[in-house]
file structure_9.csv (CSV, N, CA and C atoms)
chain,number,residue,atom,x,y,z
Y,1,ILE,N,-176.0,-6.6,16.4
Y,1,ILE,CA,-175.2,-7.3,15.3
Y,1,ILE,C,-173.8,-6.8,15.5
Y,2,PRO,N,-172.8,-7.6,15.4
Y,2,PRO,CA,-171.4,-7.2,15.6
Y,2,PRO,C,-171.0,-6.3,14.4
Y,3,ARG,N,-170.1,-5.4,14.7
Y,3,ARG,CA,-169.6,-4.5,13.6
Y,3,ARG,C,-168.2,-5.0,13.3
Y,4,PRO,N,-167.6,-4.5,12.1
Y,4,PRO,CA,-166.3,-4.9,11.8
Y,4,PRO,C,-165.3,-4.6,12.9
Y,5,GLY,N,-164.4,-5.4,13.1
Y,5,GLY,CA,-163.3,-5.2,14.1
Y,5,GLY,C,-163.4,-6.3,15.2
Y,6,HIS,N,-164.3,-6.2,16.1
Y,6,HIS,CA,-164.4,-7.1,17.2
Y,6,HIS,C,-165.9,-7.4,17.5
Y,7,PRO,N,-166.2,-8.7,17.9
Y,7,PRO,CA,-167.6,-8.9,18.4
Y,7,PRO,C,-167.8,-8.2,19.7
Y,8,PRO,N,-169.1,-7.9,20.0
Y,8,PRO,CA,-169.4,-7.1,21.2
Y,8,PRO,C,-169.1,-7.9,22.4
Y,9,ALA,N,-168.6,-7.2,23.5
Y,9,ALA,CA,-168.5,-7.8,24.8
Y,9,ALA,C,-169.8,-8.0,25.4
Y,10,ALA,N,-169.9,-8.9,26.4
Y,10,ALA,CA,-171.2,-9.1,27.1
Y,10,ALA,C,-171.0,-9.0,28.6
Y,11,HIS,N,-172.0,-8.3,29.2
Y,11,HIS,CA,-172.0,-8.1,30.7
Y,11,HIS,C,-173.1,-8.9,31.3
Y,12,HIS,N,-172.8,-9.6,32.3
Y,12,HIS,CA,-173.8,-10.4,33.1
Y,12,HIS,C,-173.9,-9.9,34.5
Y,13,GLU,N,-175.1,-9.6,34.9
Y,13,GLU,CA,-175.3,-9.2,36.3
Y,13,GLU,C,-176.0,-10.4,37.0
Y,14,PRO,N,-175.4,-10.9,38.2
Y,14,PRO,CA,-176.0,-12.1,38.8
Y,14,PRO,C,-177.4,-11.9,39.2
Y,15,GLY,N,-178.2,-12.9,39.1
Y,15,GLY,CA,-179.6,-12.8,39.4
Y,15,GLY,C,-180.5,-12.4,38.3
Y,16,SER,N,-179.9,-11.8,37.2
Y,16,SER,CA,-180.7,-11.3,36.1
Y,16,SER,C,-181.0,-12.4,35.1
Y,17,GLY,N,-180.1,-13.3,35.0
Y,17,GLY,CA,-180.2,-14.4,34.0
Y,17,GLY,C,-180.0,-13.9,32.6
Y,18,ARG,N,-179.5,-12.7,32.4
Y,18,ARG,CA,-179.4,-12.2,31.0
Y,18,ARG,C,-178.0,-11.6,30.8
Y,19,TRP,N,-177.6,-11.6,29.6
Y,19,TRP,CA,-176.3,-11.0,29.2
Y,19,TRP,C,-176.7,-9.7,28.4
Y,20,ALA,N,-176.1,-8.6,28.7
Y,20,ALA,CA,-176.3,-7.4,27.9
Y,20,ALA,C,-175.1,-7.2,27.0
Y,21,LEU,N,-175.3,-7.0,25.7
Y,21,LEU,CA,-174.2,-6.8,24.8
Y,21,LEU,C,-173.7,-5.3,24.9
Y,22,VAL,N,-172.4,-5.1,24.8
Y,22,VAL,CA,-171.8,-3.8,24.8
Y,22,VAL,C,-171.3,-3.6,23.4
Y,23,GLU,N,-172.1,-3.0,22.6
Y,23,GLU,CA,-171.7,-2.9,21.2
Y,23,GLU,C,-171.1,-1.5,20.9
Y,24,LEU,N,-169.9,-1.5,20.5
Y,24,LEU,CA,-169.1,-0.3,20.1
Y,24,LEU,C,-168.5,-0.6,18.7
Y,25,SER,N,-168.1,0.5,18.0
Y,25,SER,CA,-167.6,0.3,16.7
Y,25,SER,C,-166.1,0.8,16.7
Y,26,GLY,N,-165.4,0.3,15.7
Y,26,GLY,CA,-164.0,0.7,15.5
Y,26,GLY,C,-163.3,-0.4,14.8
Y,27,PRO,N,-162.1,-0.1,14.3
Y,27,PRO,CA,-161.3,-1.2,13.6
Y,27,PRO,C,-160.7,-2.1,14.7
Y,28,ALA,N,-160.3,-3.3,14.2
Y,28,ALA,CA,-159.6,-4.2,15.1
Y,28,ALA,C,-158.4,-3.6,15.8
Y,29,LEU,N,-158.2,-3.9,17.0
Y,29,LEU,CA,-157.1,-3.4,17.7
Y,29,LEU,C,-155.8,-3.6,17.0
Y,30,GLY,N,-154.9,-2.6,16.9
Y,30,GLY,CA,-153.6,-2.7,16.3
Y,30,GLY,C,-153.6,-2.6,14.8
Y,31,LEU,N,-154.8,-2.6,14.2
Y,31,LEU,CA,-154.9,-2.6,12.7
Y,31,LEU,C,-154.5,-1.2,12.1
Y,32,ILE,N,-154.9,-0.1,12.7
Y,32,ILE,CA,-154.7,1.2,12.2
Y,32,ILE,C,-153.9,2.0,13.2
Y,33,PRO,N,-152.7,2.5,12.9
Y,33,PRO,CA,-152.0,3.3,13.9
Y,33,PRO,C,-152.8,4.5,14.3
Y,34,HIS,N,-152.8,4.9,15.5
Y,34,HIS,CA,-153.4,6.1,16.1
Y,34,HIS,C,-155.0,6.1,15.9
Y,35,ALA,N,-155.6,4.9,15.7
Y,35,ALA,CA,-157.0,4.9,15.6
Y,35,ALA,C,-157.7,5.3,16.9
Y,36,THR,N,-158.9,5.8,16.7
Y,36,THR,CA,-159.7,6.2,17.9
Y,36,THR,C,-160.8,5.2,18.0
Y,37,TYR,N,-161.3,5.0,19.2
Y,37,TYR,CA,-162.3,4.0,19.5
Y,37,TYR,C,-163.4,4.6,20.4
Y,38,GLU,N,-164.6,4.1,20.2
Y,38,GLU,CA,-165.7,4.4,21.2
Y,38,GLU,C,-165.4,3.7,22.5
Y,39,HIS,N,-165.9,4.3,23.6
Y,39,HIS,CA,-165.8,3.6,24.9
Y,39,HIS,C,-167.1,3.6,25.6
Y,40,ASP,N,-167.2,2.8,26.6
Y,40,ASP,CA,-168.4,2.7,27.4
Y,40,ASP,C,-168.0,2.6,28.9
Y,41,ASP,N,-168.7,3.3,29.7
Y,41,ASP,CA,-168.4,3.2,31.1
Y,41,ASP,C,-169.5,2.4,31.8
Y,42,GLY,N,-169.0,1.7,32.9
Y,42,GLY,CA,-170.0,0.9,33.6
Y,42,GLY,C,-169.4,0.5,34.9
Y,43,VAL,N,-170.1,-0.3,35.7
Y,43,VAL,CA,-169.7,-0.7,37.0
Y,43,VAL,C,-169.8,-2.2,37.1
Y,44,MET,N,-168.6,-2.8,37.5
Y,44,MET,CA,-168.6,-4.2,37.7
Y,44,MET,C,-168.8,-4.4,39.2
Y,45,ARG,N,-169.8,-5.2,39.6
Y,45,ARG,CA,-170.1,-5.4,41.0
Y,45,ARG,C,-169.7,-6.9,41.3
Y,46,PRO,N,-169.5,-7.2,42.6
Y,46,PRO,CA,-169.2,-8.6,42.9
Y,46,PRO,C,-170.2,-9.6,42.3
Y,47,GLY,N,-169.7,-10.6,41.7
Y,47,GLY,CA,-170.5,-11.6,41.0
Y,47,GLY,C,-170.8,-11.3,39.6
Y,48,ASP,N,-170.6,-10.1,39.1
Y,48,ASP,CA,-170.8,-9.8,37.7
Y,48,ASP,C,-169.7,-10.5,36.8
Y,49,ALA,N,-170.0,-10.6,35.5
Y,49,ALA,CA,-169.1,-11.2,34.6
Y,49,ALA,C,-169.0,-10.4,33.4
Y,50,LEU,N,-167.8,-10.3,32.8
Y,50,LEU,CA,-167.6,-9.6,31.5
Y,50,LEU,C,-167.0,-10.6,30.6
Y,51,LEU,N,-167.7,-10.9,29.5
Y,51,LEU,CA,-167.2,-11.9,28.5
Y,51,LEU,C,-166.7,-11.2,27.3
Y,52,VAL,N,-165.5,-11.4,27.0
Y,52,VAL,CA,-164.9,-10.9,25.7
Y,52,VAL,C,-164.4,-12.2,25.0
Y,53,TYR,N,-164.5,-12.2,23.7
Y,53,TYR,CA,-164.2,-13.5,23.0
Y,53,TYR,C,-163.9,-13.1,21.5
Y,54,THR,N,-163.3,-14.0,20.8
Y,54,THR,CA,-162.9,-13.8,19.4
Y,54,THR,C,-164.0,-14.4,18.5
Y,55,ASP,N,-164.1,-13.9,17.3
Y,55,ASP,CA,-165.1,-14.3,16.4
Y,55,ASP,C,-165.0,-15.8,16.0
Y,56,GLY,N,-163.8,-16.4,16.1
Y,56,GLY,CA,-163.7,-17.8,15.8
Y,56,GLY,C,-164.4,-18.8,16.7
Y,57,LEU,N,-164.8,-18.3,17.8
Y,57,LEU,CA,-165.5,-19.2,18.8
Y,57,LEU,C,-167.0,-19.3,18.5
Y,58,TRP,N,-167.6,-18.4,17.8
Y,58,TRP,CA,-169.1,-18.5,17.7
Y,58,TRP,C,-169.6,-18.4,16.3
Y,59,GLU,N,-168.7,-18.1,15.3
Y,59,GLU,CA,-169.2,-18.0,13.9
Y,59,GLU,C,-169.4,-19.4,13.3
Y,60,VAL,N,-170.5,-19.5,12.6
Y,60,VAL,CA,-170.8,-20.7,11.8
Y,60,VAL,C,-171.0,-20.3,10.4
Y,61,ARG,N,-170.3,-20.8,9.5
Y,61,ARG,CA,-170.4,-20.5,8.1
Y,61,ARG,C,-171.9,-20.6,7.6
Y,62,GLY,N,-172.4,-19.6,6.9
Y,62,GLY,CA,-173.7,-19.6,6.4
Y,62,GLY,C,-174.8,-19.3,7.4
Y,63,ARG,N,-174.5,-18.9,8.6
Y,63,ARG,CA,-175.5,-18.6,9.6
Y,63,ARG,C,-175.3,-17.1,10.0
Y,64,ASP,N,-176.4,-16.5,10.4
Y,64,ASP,CA,-176.4,-15.1,10.9
Y,64,ASP,C,-175.5,-15.0,12.1
Y,65,LEU,N,-174.7,-14.0,12.1
Y,65,LEU,CA,-173.8,-13.8,13.3
Y,65,LEU,C,-174.5,-13.6,14.6
Y,66,ALA,N,-175.7,-13.0,14.6
Y,66,ALA,CA,-176.4,-12.8,15.9
Y,66,ALA,C,-176.8,-14.1,16.4
Y,67,VAL,N,-177.2,-15.1,15.6
Y,67,VAL,CA,-177.5,-16.4,16.1
Y,67,VAL,C,-176.4,-17.1,16.8
Y,68,GLY,N,-175.2,-17.0,16.2
Y,68,GLY,CA,-174.0,-17.5,16.9
Y,68,GLY,C,-173.7,-16.9,18.2
Y,69,ILE,N,-173.8,-15.6,18.3
Y,69,ILE,CA,-173.6,-14.9,19.6
Y,69,ILE,C,-174.6,-15.3,20.6
Y,70,ASP,N,-175.9,-15.4,20.2
Y,70,ASP,CA,-176.9,-15.8,21.1
Y,70,ASP,C,-176.7,-17.2,21.7
Y,71,LYS,N,-176.2,-18.2,20.8
Y,71,LYS,CA,-175.9,-19.5,21.3
Y,71,LYS,C,-174.7,-19.5,22.2
Y,72,TRP,N,-173.7,-18.7,21.9
Y,72,TRP,CA,-172.5,-18.6,22.7
Y,72,TRP,C,-172.9,-18.1,24.1
Y,73,LEU,N,-173.7,-17.1,24.2
Y,73,LEU,CA,-174.1,-16.6,25.5
Y,73,LEU,C,-175.0,-17.5,26.2
Y,74,GLY,N,-175.7,-18.3,25.5
Y,74,GLY,CA,-176.5,-19.4,26.2
Y,74,GLY,C,-175.6,-20.4,26.9
Y,75,VAL,N,-174.5,-20.7,26.3
Y,75,VAL,CA,-173.5,-21.6,26.9
Y,75,VAL,C,-172.9,-21.0,28.1
Y,76,ALA,N,-172.6,-19.7,27.9
Y,76,ALA,CA,-171.9,-19.0,29.1
Y,76,ALA,C,-172.8,-18.9,30.2

call {"tool": "encode", "arguments": {"input": "structure_9.csv", "output": "structure tokens"}}
result
Amino acid sequence: IPRPGHPPAAHHEPGSGRWALVELSGPALGLIPHATYEHDDGVMRPGDALLVYTDGLWEVRGRDLAVGIDKWLGVA
């Protein structure tokens, strides 16, 4: 489930057919001066994809946020 600030990024490895969400917490970028953020390390291999997006692309009023993200990743 997304946390306040930004929706989770998604990582896709070719051949897996699945997206893995990279869920970290923190305020929206630029909102709080000198804020600290969680980070995640990983490896991008040839053919991998990293999807970052804004909440306005997948939110549907009155629906659970996780459903919107799942549908968005299904399109991707």

call {"tool": "atom_distance", "arguments": {"input": "structure_9.csv", "atom1": "atom N of Y:Pro8", "atom2": "atom C of Y:Tyr53"}}
result
7.5 Å

call {"tool": "atom_distance", "arguments": {"input": "structure_9.csv", "atom1": "atom N of Y:Ala28", "atom2": "atom C of Y:Glu13"}}
result
28.6 Å

call {"tool": "closest_residue", "arguments": {"input": "structure_9.csv", "among": "Y:Arg45, Y:Arg63, Y:His39, Y:His11", "to": "Y:Ser25", "atoms": "only N, CA and C atoms"}}
result
Y:His39

call {"tool": "select_by_dssp", "arguments": {"input": "structure_9.csv", "residues": "chain Y", "states": "strand (DSSP E or B)", "output": "PyMOL selection string"}}
result
chain Y and resi 9-12+19-22+49-51

call {"tool": "closest_residue", "arguments": {"input": "structure_9.csv", "among": "Y:Val67, Y:Val75, Y:Met44, Y:Leu51", "to": "Y:Ala9", "atoms": "only N, CA and C atoms"}}
result
Y:Leu51

call {"tool": "closest_residue", "arguments": {"input": "structure_9.csv", "among": "Y:Val43, Y:Leu29, Y:Leu50, Y:Ile69", "to": "Y:His6", "atoms": "only C-alpha atoms"}}
result
Y:Leu29

call {"tool": "select_by_dssp", "arguments": {"input": "structure_9.csv", "residues": "chain Y", "states": "alpha helix (DSSP H)", "output": "list in words"}}
result
Leu65, Ala66, Val67, Gly68, Ile69, Asp70, Lys71, Trp72, Leu73, Gly74 and Val75 of chain Y

call {"tool": "axis_aligned_box", "arguments": {"input": "structure_9.csv", "around": "stretch 60-69 of chain Y", "padding_each_side": "8 Å", "output": "JSON"}}
result
{"center_x": -173.9, "center_y": -16.8, "center_z": 13.5, "size_x": 23.2, "size_y": 24.0, "size_z": 30.2}

call {"tool": "decode", "arguments": {"input": "structure_9.csv", "residues": "stretch 17-55 of chain Y", "atoms": "C-alpha atoms", "output": "mmCIF file, in the first residue's frame"}}
result
data_model
loop_
_atom_site.group_PDB
_atom_site.id
_atom_site.type_symbol
_atom_site.label_atom_id
_atom_site.label_comp_id
_atom_site.auth_asym_id
_atom_site.auth_seq_id
_atom_site.Cartn_x
_atom_site.Cartn_y
_atom_site.Cartn_z
ATOM 1 C CA GLY Y 17 6.090 -11.485 -16.004
ATOM 2 C CA ARG Y 18 5.852 -9.675 -12.664
ATOM 3 C CA TRP Y 19 6.437 -6.239 -11.237
ATOM 4 C CA ALA Y 20 7.968 -5.922 -7.758
ATOM 5 C CA LEU Y 21 6.987 -2.815 -5.801
ATOM 6 C CA VAL Y 22 9.766 -0.844 -4.128
ATOM 7 C CA GLU Y 23 7.975 0.608 -1.114
ATOM 8 C CA LEU Y 24 9.811 3.219 0.895
ATOM 9 C CA SER Y 25 8.490 5.939 3.172
ATOM 10 C CA GLY Y 26 9.126 9.635 3.460
ATOM 11 C CA PRO Y 27 7.578 12.990 2.652
ATOM 12 C CA ALA Y 28 7.061 14.166 -0.909
ATOM 13 C CA LEU Y 29 10.273 15.409 -2.493
ATOM 14 C CA GLY Y 30 10.904 19.085 -1.819
ATOM 15 C CA LEU Y 31 8.172 19.344 0.811
ATOM 16 C CA ILE Y 32 10.386 19.503 3.911
ATOM 17 C CA PRO Y 33 13.827 21.123 3.815
ATOM 18 C CA HIS Y 34 16.646 18.750 4.839
ATOM 19 C CA ALA Y 35 14.299 15.750 5.016
ATOM 20 C CA THR Y 36 15.847 12.302 5.115
ATOM 21 C CA TYR Y 37 14.590 9.430 2.997
ATOM 22 C CA GLU Y 38 14.841 5.649 3.011
ATOM 23 C CA HIS Y 39 16.731 4.148 0.096
ATOM 24 C CA ASP Y 40 16.935 0.804 -1.621
ATOM 25 C CA ASP Y 41 19.813 -0.701 -3.556
ATOM 26 C CA GLY Y 42 19.360 -2.938 -6.542
ATOM 27 C CA VAL Y 43 20.702 -3.947 -9.917
ATOM 28 C CA MET Y 44 19.230 -2.955 -13.267
ATOM 29 C CA ARG Y 45 20.111 -5.517 -15.917
ATOM 30 C CA PRO Y 46 19.615 -5.217 -19.674
ATOM 31 C CA GLY Y 47 15.899 -5.518 -20.394
ATOM 32 C CA ASP Y 48 14.790 -4.528 -16.869
ATOM 33 C CA ALA Y 49 12.324 -1.696 -16.412
ATOM 34 C CA LEU Y 50 11.822 0.732 -13.557
ATOM 35 C CA LEU Y 51 8.442 2.434 -13.442
ATOM 36 C CA VAL Y 52 7.960 5.636 -11.468
ATOM 37 C CA TYR Y 53 4.675 7.477 -11.762
ATOM 38 C CA THR Y 54 2.516 10.098 -10.131
ATOM 39 C CA ASP Y 55 -0.580 9.307 -8.112
#
